[in-house]
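Undergrad: Below is structure-v3.txt; it holds compact mmCIF, C-alpha atoms.
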# COMPACT_ATOMS: atom_id res chain seq x y z
CA MET E 1 -63.97 38.65 6.42
CA ASP E 2 -65.30 35.46 8.06
CA ARG E 3 -67.74 33.10 6.37
CA ARG E 4 -70.79 34.27 8.31
CA THR E 5 -70.13 37.92 7.44
CA LEU E 6 -69.68 37.06 3.77
CA LEU E 7 -72.88 35.01 3.64
CA ALA E 8 -74.85 37.75 5.40
CA GLY E 9 -73.62 40.27 2.86
CA MET E 10 -74.46 38.03 -0.06
CA ALA E 11 -77.93 37.32 1.36
CA GLY E 12 -78.67 41.02 1.37
CA LEU E 13 -77.83 41.55 -2.29
CA PRO E 14 -80.98 39.99 -3.83
CA LEU E 15 -83.19 41.87 -1.38
CA LEU E 16 -81.64 45.21 -2.27
CA GLY E 17 -82.01 44.42 -5.96
CA THR E 18 -85.64 43.47 -5.51
CA ASN E 19 -86.47 46.68 -3.63
CA SER E 20 -84.72 48.73 -6.30
CA ALA E 21 -86.66 46.97 -9.05
CA LEU E 22 -89.97 47.52 -7.25
CA ALA E 23 -89.21 51.21 -6.85
CA GLN E 24 -88.39 51.50 -10.56
CA GLU E 25 -91.57 49.66 -11.57
CA PHE E 26 -93.97 51.76 -9.51
CA PRO E 27 -96.68 52.08 -10.55
CA ALA E 28 -96.92 48.64 -12.15
CA ARG E 29 -100.73 48.62 -12.19
CA ASP E 30 -103.75 50.88 -11.88
CA LEU E 31 -104.13 52.99 -8.74
CA LEU E 32 -107.30 53.61 -6.71
CA GLY E 33 -108.23 57.20 -5.96
CA VAL E 34 -110.73 57.56 -3.11
CA ILE E 35 -112.66 60.84 -3.09
CA GLN E 36 -114.03 61.79 0.33
CA TRP E 37 -117.03 63.62 -1.08
CA GLY E 38 -119.90 63.00 -3.50
CA ALA E 39 -120.04 63.70 -7.21
CA GLY E 40 -120.40 67.30 -8.35
CA GLY E 41 -118.74 68.99 -5.38
CA ALA E 42 -115.63 71.15 -5.60
CA THR E 43 -113.28 68.36 -4.50
CA ASP E 44 -114.79 65.92 -6.98
CA LEU E 45 -114.66 68.41 -9.85
CA THR E 46 -111.04 69.38 -9.11
CA VAL E 47 -109.92 65.75 -8.85
CA ARG E 48 -111.62 64.67 -12.07
CA ALA E 49 -110.16 67.66 -13.92
CA VAL E 50 -106.54 66.97 -12.94
CA THR E 51 -106.56 63.16 -13.06
CA PRO E 52 -106.23 62.70 -16.86
CA HIS E 53 -103.11 64.89 -16.87
CA VAL E 54 -101.65 62.98 -13.92
CA GLU E 55 -102.36 59.63 -15.60
CA ALA E 56 -100.46 60.78 -18.68
CA ALA E 57 -97.45 61.65 -16.54
CA LEU E 58 -97.69 58.52 -14.40
CA GLY E 59 -98.28 56.00 -17.18
CA GLN E 60 -101.12 54.26 -15.33
CA LYS E 61 -104.83 54.75 -14.76
CA ILE E 62 -106.24 56.12 -11.51
CA VAL E 63 -109.64 54.54 -10.86
CA LEU E 64 -111.72 57.15 -9.02
CA GLN E 65 -114.24 56.14 -6.40
CA ASN E 66 -116.47 58.36 -4.24
CA ARG E 67 -116.60 57.05 -0.64
CA THR E 68 -118.79 59.47 1.24
CA GLY E 69 -120.05 59.86 4.78
CA GLY E 70 -118.90 60.93 8.21
CA THR E 71 -117.77 64.38 7.08
CA GLY E 72 -115.26 62.63 4.84
CA ALA E 73 -114.03 60.28 7.57
CA ILE E 74 -115.37 57.17 5.80
CA GLY E 75 -113.05 57.70 2.84
CA LEU E 76 -110.07 58.70 4.97
CA THR E 77 -110.45 55.69 7.27
CA TYR E 78 -110.74 53.36 4.28
CA VAL E 79 -107.48 54.62 2.75
CA HIS E 80 -105.72 54.42 6.10
CA GLY E 81 -106.71 50.76 6.32
CA GLN E 82 -105.12 49.87 2.97
CA PRO E 83 -101.52 48.63 2.49
CA SER E 84 -98.82 51.29 2.64
CA ASP E 85 -97.79 50.69 -0.96
CA ALA E 86 -98.95 54.06 -2.41
CA TYR E 87 -101.47 52.36 -4.71
CA THR E 88 -104.42 53.84 -2.81
CA LEU E 89 -104.70 57.62 -2.94
CA LEU E 90 -106.88 59.85 -0.78
CA PHE E 91 -108.42 62.84 -2.54
CA GLY E 92 -109.69 65.21 0.12
CA ALA E 93 -110.24 68.71 1.34
CA GLU E 94 -109.73 70.55 4.60
CA ASN E 95 -112.10 68.66 6.90
CA PRO E 96 -109.70 66.06 8.39
CA LEU E 97 -107.71 68.86 10.01
CA LEU E 98 -110.68 69.36 12.35
CA TYR E 99 -111.55 65.73 13.06
CA ARG E 100 -109.82 65.59 16.44
CA VAL E 101 -111.14 68.99 17.55
CA LEU E 102 -114.69 67.90 16.71
CA ASN E 103 -114.28 64.32 18.00
CA ILE E 104 -115.01 62.85 14.56
CA SER E 105 -111.91 60.68 14.26
CA ARG E 106 -108.51 60.16 15.85
CA LEU E 107 -107.01 60.23 12.37
CA ASP E 108 -106.13 63.38 10.49
CA TYR E 109 -103.62 64.51 7.87
CA THR E 110 -100.67 63.96 10.20
CA ASP E 111 -101.18 60.26 9.36
CA PHE E 112 -100.81 60.95 5.63
CA TYR E 113 -98.17 62.36 3.30
CA PRO E 114 -99.29 65.34 1.18
CA VAL E 115 -98.51 64.33 -2.40
CA CYS E 116 -99.95 67.58 -3.73
CA LEU E 117 -102.17 70.38 -2.52
CA LEU E 118 -103.68 71.21 -5.88
CA ALA E 119 -105.64 74.41 -5.36
CA ARG E 120 -107.56 76.44 -2.83
CA SER E 121 -110.90 78.14 -3.22
CA VAL E 122 -112.90 81.02 -1.83
CA PRO E 123 -116.22 80.06 -0.22
CA VAL E 124 -119.30 81.49 -1.90
CA ILE E 125 -122.60 81.86 -0.06
CA VAL E 126 -125.36 80.77 -2.42
CA ALA E 127 -129.11 80.41 -2.09
CA ASN E 128 -132.11 79.02 -3.90
CA LYS E 129 -132.77 81.38 -6.81
CA ASP E 130 -136.32 82.08 -5.64
CA LYS E 131 -135.36 83.28 -2.19
CA PRO E 132 -135.84 87.01 -1.53
CA TRP E 133 -132.26 87.54 -0.33
CA ASN E 134 -129.82 89.49 -2.51
CA SER E 135 -126.95 89.82 -0.05
CA LEU E 136 -125.42 88.20 3.00
CA LYS E 137 -126.98 90.98 5.07
CA ASP E 138 -130.43 89.94 3.83
CA LEU E 139 -129.82 86.28 4.74
CA VAL E 140 -128.50 87.07 8.21
CA ALA E 141 -131.42 89.42 8.92
CA ASP E 142 -133.91 86.71 7.94
CA VAL E 143 -132.17 84.05 10.05
CA ARG E 144 -132.20 86.39 13.04
CA ALA E 145 -135.87 87.19 12.48
CA ASN E 146 -136.73 83.49 12.11
CA PRO E 147 -134.29 81.59 14.34
CA GLY E 148 -134.18 77.83 13.81
CA ARG E 149 -136.33 77.88 10.66
CA ILE E 150 -134.03 78.54 7.68
CA ARG E 151 -132.19 75.48 6.32
CA MET E 152 -128.47 75.45 5.57
CA ALA E 153 -127.10 72.62 3.43
CA GLY E 154 -123.77 71.39 4.74
CA THR E 155 -121.32 68.51 4.76
CA GLY E 156 -121.33 67.94 8.52
CA PRO E 157 -119.26 69.20 11.46
CA GLY E 158 -115.97 70.68 10.32
CA GLY E 159 -117.19 71.10 6.76
CA GLN E 160 -116.85 74.41 4.96
CA ALA E 161 -120.49 75.41 5.51
CA HIS E 162 -120.24 74.62 9.22
CA VAL E 163 -117.09 76.69 9.69
CA VAL E 164 -118.39 79.62 7.64
CA SER E 165 -121.67 79.69 9.55
CA THR E 166 -119.69 79.61 12.81
CA MET E 167 -117.68 82.60 11.60
CA ILE E 168 -120.88 84.46 10.69
CA ALA E 169 -122.26 83.64 14.16
CA SER E 170 -119.31 85.53 15.65
CA THR E 171 -121.08 88.73 14.47
CA GLY E 172 -124.28 87.97 16.41
CA PRO E 173 -127.09 85.41 16.76
CA PHE E 174 -127.29 83.09 13.77
CA ARG E 175 -129.39 80.01 14.59
CA HIS E 176 -130.45 77.94 11.60
CA ILE E 177 -131.19 74.31 10.71
CA SER E 178 -128.21 72.33 9.39
CA VAL E 179 -129.10 69.67 6.81
CA PRO E 180 -126.13 67.32 6.15
CA PHE E 181 -125.24 65.98 2.70
CA ASP E 182 -122.43 63.74 1.41
CA GLY E 183 -120.59 66.55 -0.32
CA GLU E 184 -121.13 69.99 -1.82
CA GLY E 185 -122.61 68.57 -5.03
CA PRO E 186 -125.60 66.90 -3.34
CA GLY E 187 -126.05 69.96 -1.13
CA LEU E 188 -126.18 72.33 -4.08
CA THR E 189 -128.63 70.02 -5.85
CA ALA E 190 -130.84 70.07 -2.75
CA ILE E 191 -130.88 73.88 -2.73
CA GLN E 192 -131.94 73.95 -6.38
CA GLY E 193 -134.75 71.53 -5.55
CA GLY E 194 -135.94 73.56 -2.59
CA HIS E 195 -134.89 70.98 0.02
CA ALA E 196 -132.48 73.46 1.61
CA ASP E 197 -132.25 77.25 1.45
CA TRP E 198 -128.58 78.26 1.37
CA MET E 199 -125.02 76.99 1.63
CA ALA E 200 -121.40 78.13 1.75
CA ALA E 201 -119.56 76.11 -0.90
CA GLY E 202 -116.33 76.32 -2.85
CA SER E 203 -116.15 78.74 -5.75
CA GLY E 204 -115.25 75.86 -8.06
CA ALA E 205 -118.46 74.01 -7.23
CA VAL E 206 -120.85 76.96 -7.54
CA ALA E 207 -119.47 79.08 -10.41
CA GLU E 208 -121.29 77.33 -13.27
CA HIS E 209 -124.54 77.10 -11.29
CA VAL E 210 -124.44 80.84 -10.60
CA ARG E 211 -123.55 81.75 -14.18
CA ALA E 212 -126.40 79.55 -15.46
CA GLY E 213 -128.89 81.16 -13.05
CA ARG E 214 -129.58 77.93 -11.14
CA LEU E 215 -128.31 79.44 -7.88
CA LYS E 216 -128.16 82.95 -6.49
CA ALA E 217 -124.79 84.14 -5.14
CA LEU E 218 -125.19 86.34 -2.06
CA ALA E 219 -121.54 86.96 -1.21
CA VAL E 220 -118.01 85.65 -1.59
CA PHE E 221 -116.58 84.84 1.83
CA ASN E 222 -113.56 87.00 1.24
CA ASP E 223 -112.29 90.52 1.72
CA ALA E 224 -112.30 91.22 -2.04
CA PRO E 225 -114.51 90.26 -5.01
CA LEU E 226 -113.76 87.31 -7.29
CA ALA E 227 -113.11 87.92 -10.99
CA SER E 228 -114.96 84.69 -11.79
CA LEU E 229 -118.15 86.03 -10.13
CA PRO E 230 -118.40 89.68 -11.16
CA GLY E 231 -120.90 91.75 -9.25
CA VAL E 232 -120.94 89.48 -6.19
CA ALA E 233 -119.90 91.47 -3.12
CA PRO E 234 -117.38 90.23 -0.56
CA ALA E 235 -118.79 89.29 2.86
CA THR E 236 -116.84 92.14 4.44
CA ALA E 237 -119.02 94.64 2.56
CA ASP E 238 -121.86 93.81 4.98
CA PHE E 239 -119.82 92.57 7.94
CA PRO E 240 -116.39 94.30 8.09
CA GLU E 241 -115.60 92.49 11.35
CA LEU E 242 -115.24 89.24 9.39
CA GLY E 243 -112.10 90.65 7.78
CA ARG E 244 -109.95 89.46 10.69
CA LEU E 245 -110.70 85.85 9.65
CA MET E 246 -109.74 86.21 6.01
CA PRO E 247 -108.45 84.97 3.68
CA TRP E 248 -109.93 81.59 4.50
CA GLY E 249 -111.31 78.74 2.44
CA SER E 250 -111.20 75.17 1.28
CA PHE E 251 -108.34 73.43 -0.44
CA TYR E 252 -108.14 70.24 -2.47
CA GLY E 253 -105.34 67.73 -2.58
CA VAL E 254 -104.10 64.16 -2.70
CA TRP E 255 -102.47 62.13 0.06
CA VAL E 256 -101.00 58.66 0.61
CA LYS E 257 -100.23 56.95 3.89
CA ARG E 258 -97.31 58.64 5.62
CA ASP E 259 -95.25 55.41 5.67
CA ALA E 260 -95.60 54.68 1.93
CA PRO E 261 -92.26 53.98 0.19
CA GLU E 262 -90.33 57.19 -0.47
CA ALA E 263 -89.58 56.25 -4.09
CA ALA E 264 -93.27 55.73 -4.81
CA ARG E 265 -94.19 58.99 -3.06
CA ASN E 266 -91.63 60.86 -5.16
CA LYS E 267 -93.06 59.47 -8.41
CA LEU E 268 -96.55 60.53 -7.35
CA VAL E 269 -95.33 64.00 -6.39
CA GLN E 270 -93.74 64.48 -9.78
CA ALA E 271 -96.80 63.21 -11.66
CA PHE E 272 -99.21 65.45 -9.74
CA ARG E 273 -96.87 68.42 -10.03
CA THR E 274 -96.96 67.93 -13.81
CA GLY E 275 -100.74 67.47 -13.81
CA ALA E 276 -101.39 70.59 -11.73
CA ALA E 277 -99.13 72.63 -14.05
CA ASN E 278 -101.15 71.65 -17.12
CA PRO E 279 -102.49 74.85 -18.78
CA GLN E 280 -105.95 73.33 -19.31
CA PHE E 281 -106.28 72.49 -15.62
CA GLN E 282 -104.94 75.86 -14.56
CA GLN E 283 -107.40 77.70 -16.82
CA LEU E 284 -110.31 75.71 -15.40
CA MET E 285 -109.24 76.56 -11.85
CA ALA E 286 -108.97 80.25 -12.72
CA ASN E 287 -112.41 80.24 -14.37
CA ASN E 288 -113.87 78.78 -11.17
CA GLY E 289 -112.16 81.30 -8.91
CA ASN E 290 -109.64 78.81 -7.53
CA VAL E 291 -105.99 79.58 -6.78
CA ILE E 292 -103.38 77.04 -7.92
CA MET E 293 -101.14 75.83 -5.07
CA ASN E 294 -99.22 72.79 -6.44
CA ILE E 295 -97.18 72.21 -3.26
CA SER E 296 -96.18 68.97 -1.54
CA GLY E 297 -94.12 67.51 1.30
CA ALA E 298 -92.79 69.85 3.98
CA GLU E 299 -94.20 72.97 2.29
CA ALA E 300 -97.68 71.43 2.21
CA ASP E 301 -97.35 70.23 5.82
CA ALA E 302 -96.54 73.80 6.92
CA PHE E 303 -99.63 75.15 5.11
CA LEU E 304 -101.83 72.46 6.70
CA ALA E 305 -100.50 73.18 10.18
CA ARG E 306 -101.24 76.90 9.80
CA TRP E 307 -104.77 76.28 8.47
CA GLN E 308 -105.48 73.87 11.32
CA SER E 309 -104.23 76.33 13.93
CA VAL E 310 -106.34 79.24 12.65
CA THR E 311 -109.54 77.26 12.14
CA ALA E 312 -109.39 75.11 15.27
CA TRP E 313 -109.01 78.16 17.47
CA ILE E 314 -111.86 79.96 15.66
CA LEU E 315 -114.09 77.01 16.56
CA GLN E 316 -112.78 77.02 20.13
CA GLU E 317 -113.54 80.72 20.58
CA ALA E 318 -117.04 80.21 19.17
CA GLY E 319 -117.73 77.33 21.55
CA ALA E 320 -118.02 74.86 18.65
CA ALA E 321 -114.96 72.73 19.46
CA ARG E 322 -115.58 69.44 21.27
CA THR E 323 -111.95 69.14 22.38
CA SER E 324 -109.77 72.16 23.03
CA PRO E 325 -106.97 72.64 20.48
CA ALA E 326 -104.66 73.16 23.45
CA GLU E 327 -105.32 69.59 24.61
CA LEU E 328 -104.34 68.38 21.13
CA ASN E 329 -101.14 70.48 21.09
CA ILE E 330 -102.47 72.65 18.27
CA PRO E 331 -100.81 76.03 18.82
CA ARG E 332 -102.68 79.30 18.78
CA PRO E 333 -102.08 81.22 15.53
CA SER E 334 -99.46 83.90 15.91
Starting from the coordinates I provided, produce the structure as C-alpha cells.

TA:
Amino acid sequence: MDRRTLLAGMAGLPLLGTNSALAQEFPARDLLGVIQWGAGGATDLTVRAVTPHVEAALGQKIVLQNRTGGTGAIGLTYVHGQPSDAYTLLFGAENPLLYRVLNISRLDYTDFYPVCLLARSVPVIVANKDKPWNSLKDLVADVRANPGRIRMAGTGPGGQAHVVSTMIASTGPFRHISVPFDGEGPGLTAIQGGHADWMAAGSGAVAEHVRAGRLKALAVFNDAPLASLPGVAPATADFPELGRLMPWGSFYGVWVKRDAPEAARNKLVQAFRTGAANPQFQQLMANNGNVIMNISGAEADAFLARWQSVTAWILQEAGAARTSPAELNIPRPS
C-alpha cells in the first residue's frame, strides 16, 4: 500500500465514525411535526392521539404545529424546504396524491418517505342538525331542486369533500356552492354555526359530534354501515351505482423527506409502529370508525400508488382533473 492510499484510508476513518455516532444519537433533540390541516379535523385528532405513544418510544418530544392552507400544500411545501435530517415530520392525509392532477403543486408523496400510514377512515356525510334532510337521497334531491344554492364545507380541490361530491355527481346533476376551510375541524364548526350546510368528513372527525347531537349524519360513504355510527345507512342504500367506487376514504400518516438518512428513517418507523400498536390508540381509532393500517416503506408506497390511480382517474372521468393522469404517468386502475 503506498502512502497516498494509506492516508486516504485513514482520512476516511473519522468520517465513518462520526456518521455512525450521528445515526446512533438520532434523535438528539426535539422534532417538529407539521400538520397539514387545522385543529379538530380527523388528521389533527389522529396525530395528537398517537404522538404521546411515539414520543415514549422515540425518547424525544415531537412539537406539533398546524400549517394550513392551499389544500395542505402549505405544510407539505414547508417540510420539503427543511433540511433532510428527519427532524421535520409531515403529518398529512390523502390530498397530496392529487396535487399534480389538480395543478396545485408539483410536489406529492413521491418526494417523501412514508414513515407510517397510521389509519384510514370512512367518509361520513353530515349536515347541520336543523336541516330537513335525513338521508343522502334527501340532500341530493334538494341540491338538484336548488342548484347552486346549498353550501358544502370542504378543504379545497382534492380534499375529501371535493372527491366525494364529484363521486356523487357521477349519479346525476349535483351543483352546489363549495366553501373552503383550512381542515375538517373548521368546516365542521362552520356547519354547526350555520355558515355551511353539509360536508363529507372522516369518521374520526365526526363521530363525537354525531353522538352528541351537534351534527346530523346522513350516510356513511361506504357499501356497509359503520359499527361506530349505528343506524346511519351506507350511501349505496340510496345510490347503488356508487358501489363501484368503494371502499374509498381518507388515510392519515407521517412522512419525512425521501432523502433523509436511512438510519433516522428506520428509528422513526420503529417508533411509529410501536405508537400505532398501542392499545389505547387502537381503541380510539375503532371507536371513531377508523381502520388501523400501521404500514411503512414499500408496502405504504404500494397503497399510495393504488389510491392515487383510482382517485385520479375518477376525477378524470368526471371532468374534474386539470391535468390528465395519463400525462403524469399515473396508470389506470386494473

Undergrad: Nearest to Trp313 in chain E: which of E:Asp138, E:Asp301, E:Glu327, E:Asp111 is it, counting all atoms listed in the file?

TA: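 Closest to Trp313 in chain E of all the choices is E:Glu327.
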
Undergrad: Excluding range 206-210 of chain E and residues on its chain fewer than 3 positions from it, collect all residues at most 12 Å away from it, counting only C-alpha atoms, and give them as JSON, numbers by chain.

TA: {"E": [40, 41, 42, 43, 45, 121, 122, 123, 124, 125, 126, 127, 128, 129, 184, 185, 186, 187, 188, 189, 191, 192, 198, 199, 200, 201, 202, 203, 213, 214, 215, 216, 217, 218, 219, 220, 226, 227, 228, 229, 230, 231, 232, 284, 285, 286, 287, 288, 289, 290]}

Undergrad: Between CA of Phe239 in chain E and CA of Asp223 in chain E, what is the distance, to one decimal in Å?

TA: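 Answer for the CA of Phe239 in chain E to CA of Asp223 in chain E separation: 10.0 Å.
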
Undergrad: Using only C-alpha atoms, pick whichever of E:Arg100, E:His176, E:Arg258, E:Lys131 has the shortest atom-to-atom distance to Pro147 in chain E.

TA: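 Looking only at the distances to Pro147 in chain E, the closest residue turns out to be E:His176.
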
Undergrad: Find the distance between CA of Ala56 in chain E and CA of Ile295 in chain E and write it in Å to one decimal.

TA: 19.5 Å

Undergrad: For a quick check of understanding, using all atoms listed in the file, which of E:Ala28, E:Ala318, E:Ala237, E:Ala271 has the smallest distance to Lys137 in chain E?

TA: E:Ala237

Undergrad: Show me, as number ranges by chain, the residues that have an atom within 12 Å of Gly81 in chain E when counting only C-alpha atoms, minus same-chain residues fewer than 3 positions from it.

TA: E: 74-78, 84-85, 88-90, 107, 111-112, 256-257

Undergrad: Rounded to one decimal, what separation in Å do you get between CA of Met293 in chain E and CA of Pro325 in chain E?

TA: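 Rounded to one decimal, the two atoms are 26.4 Å apart.
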
Undergrad: Give me the box for range 191-195 of chain E as JSON, namely the centre and edge lengths in Å to one decimal of a box along x, y and z that holds every listed atom plus 5 Å on each side.

TA:
{"center_x": -133.4, "center_y": 72.5, "center_z": -3.2, "size_x": 15.1, "size_y": 13.0, "size_z": 16.4}

Undergrad: Env of His162 in chain E: 10 Å cut, atoms = all atoms listed in the file, seq-sep filter 5 positions within chain, self excluded. Answer as a list in words.

TA: Met152, Ala153, Gly154, Thr155, Gly156, Pro157, Met167, Ile168, Ser178, Pro180, Met199, Ala200, Leu315 and Ala320 of chain E

Undergrad: Could you tell me which of E:Leu102, E:Val47, E:Leu64, E:Val140 comes closest to Ser165 in chain E if we count all atoms listed in the file?

TA: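 Checking each of E:Leu102, E:Val47, E:Leu64, E:Val140 against Ser165 in chain E, counting all atoms listed in the file, the winner is E:Val140.
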
Undergrad: With all atoms listed in the file as the atoms that count, which of E:Gly172, E:Val34, E:Asp182, E:Pro83 lies nearest to Gly70 in chain E?

TA: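 Checking each candidate against Gly70 in chain E, we get E:Asp182 as the closest.
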
Undergrad: Please identify all polymer residues within 9 Å of Val115 in chain E, counting all atoms listed in the file, omitting same-chain residues fewer than 5 positions from it, and present them as an NGL selection string.

TA: :E and (253-256 or 265-266 or 268-270 or 272-273 or 295-297 or 300)

Undergrad: With all atoms listed in the file as the basis for distance, which of E:Asn134, E:Glu299, E:Leu98, E:Gln65 is at the shortest distance from Ile35 in chain E?

TA: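 Smallest distance to Ile35 in chain E is found for E:Gln65.
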
Undergrad: Do you know which residues lie at most 8 Å from (-131.3, 73.5, 11.4), with coordinates as in the file and all atoms listed in the file counted, and could you write them as a ChimeraX atom specification?

TA: /E:148-152,175-179
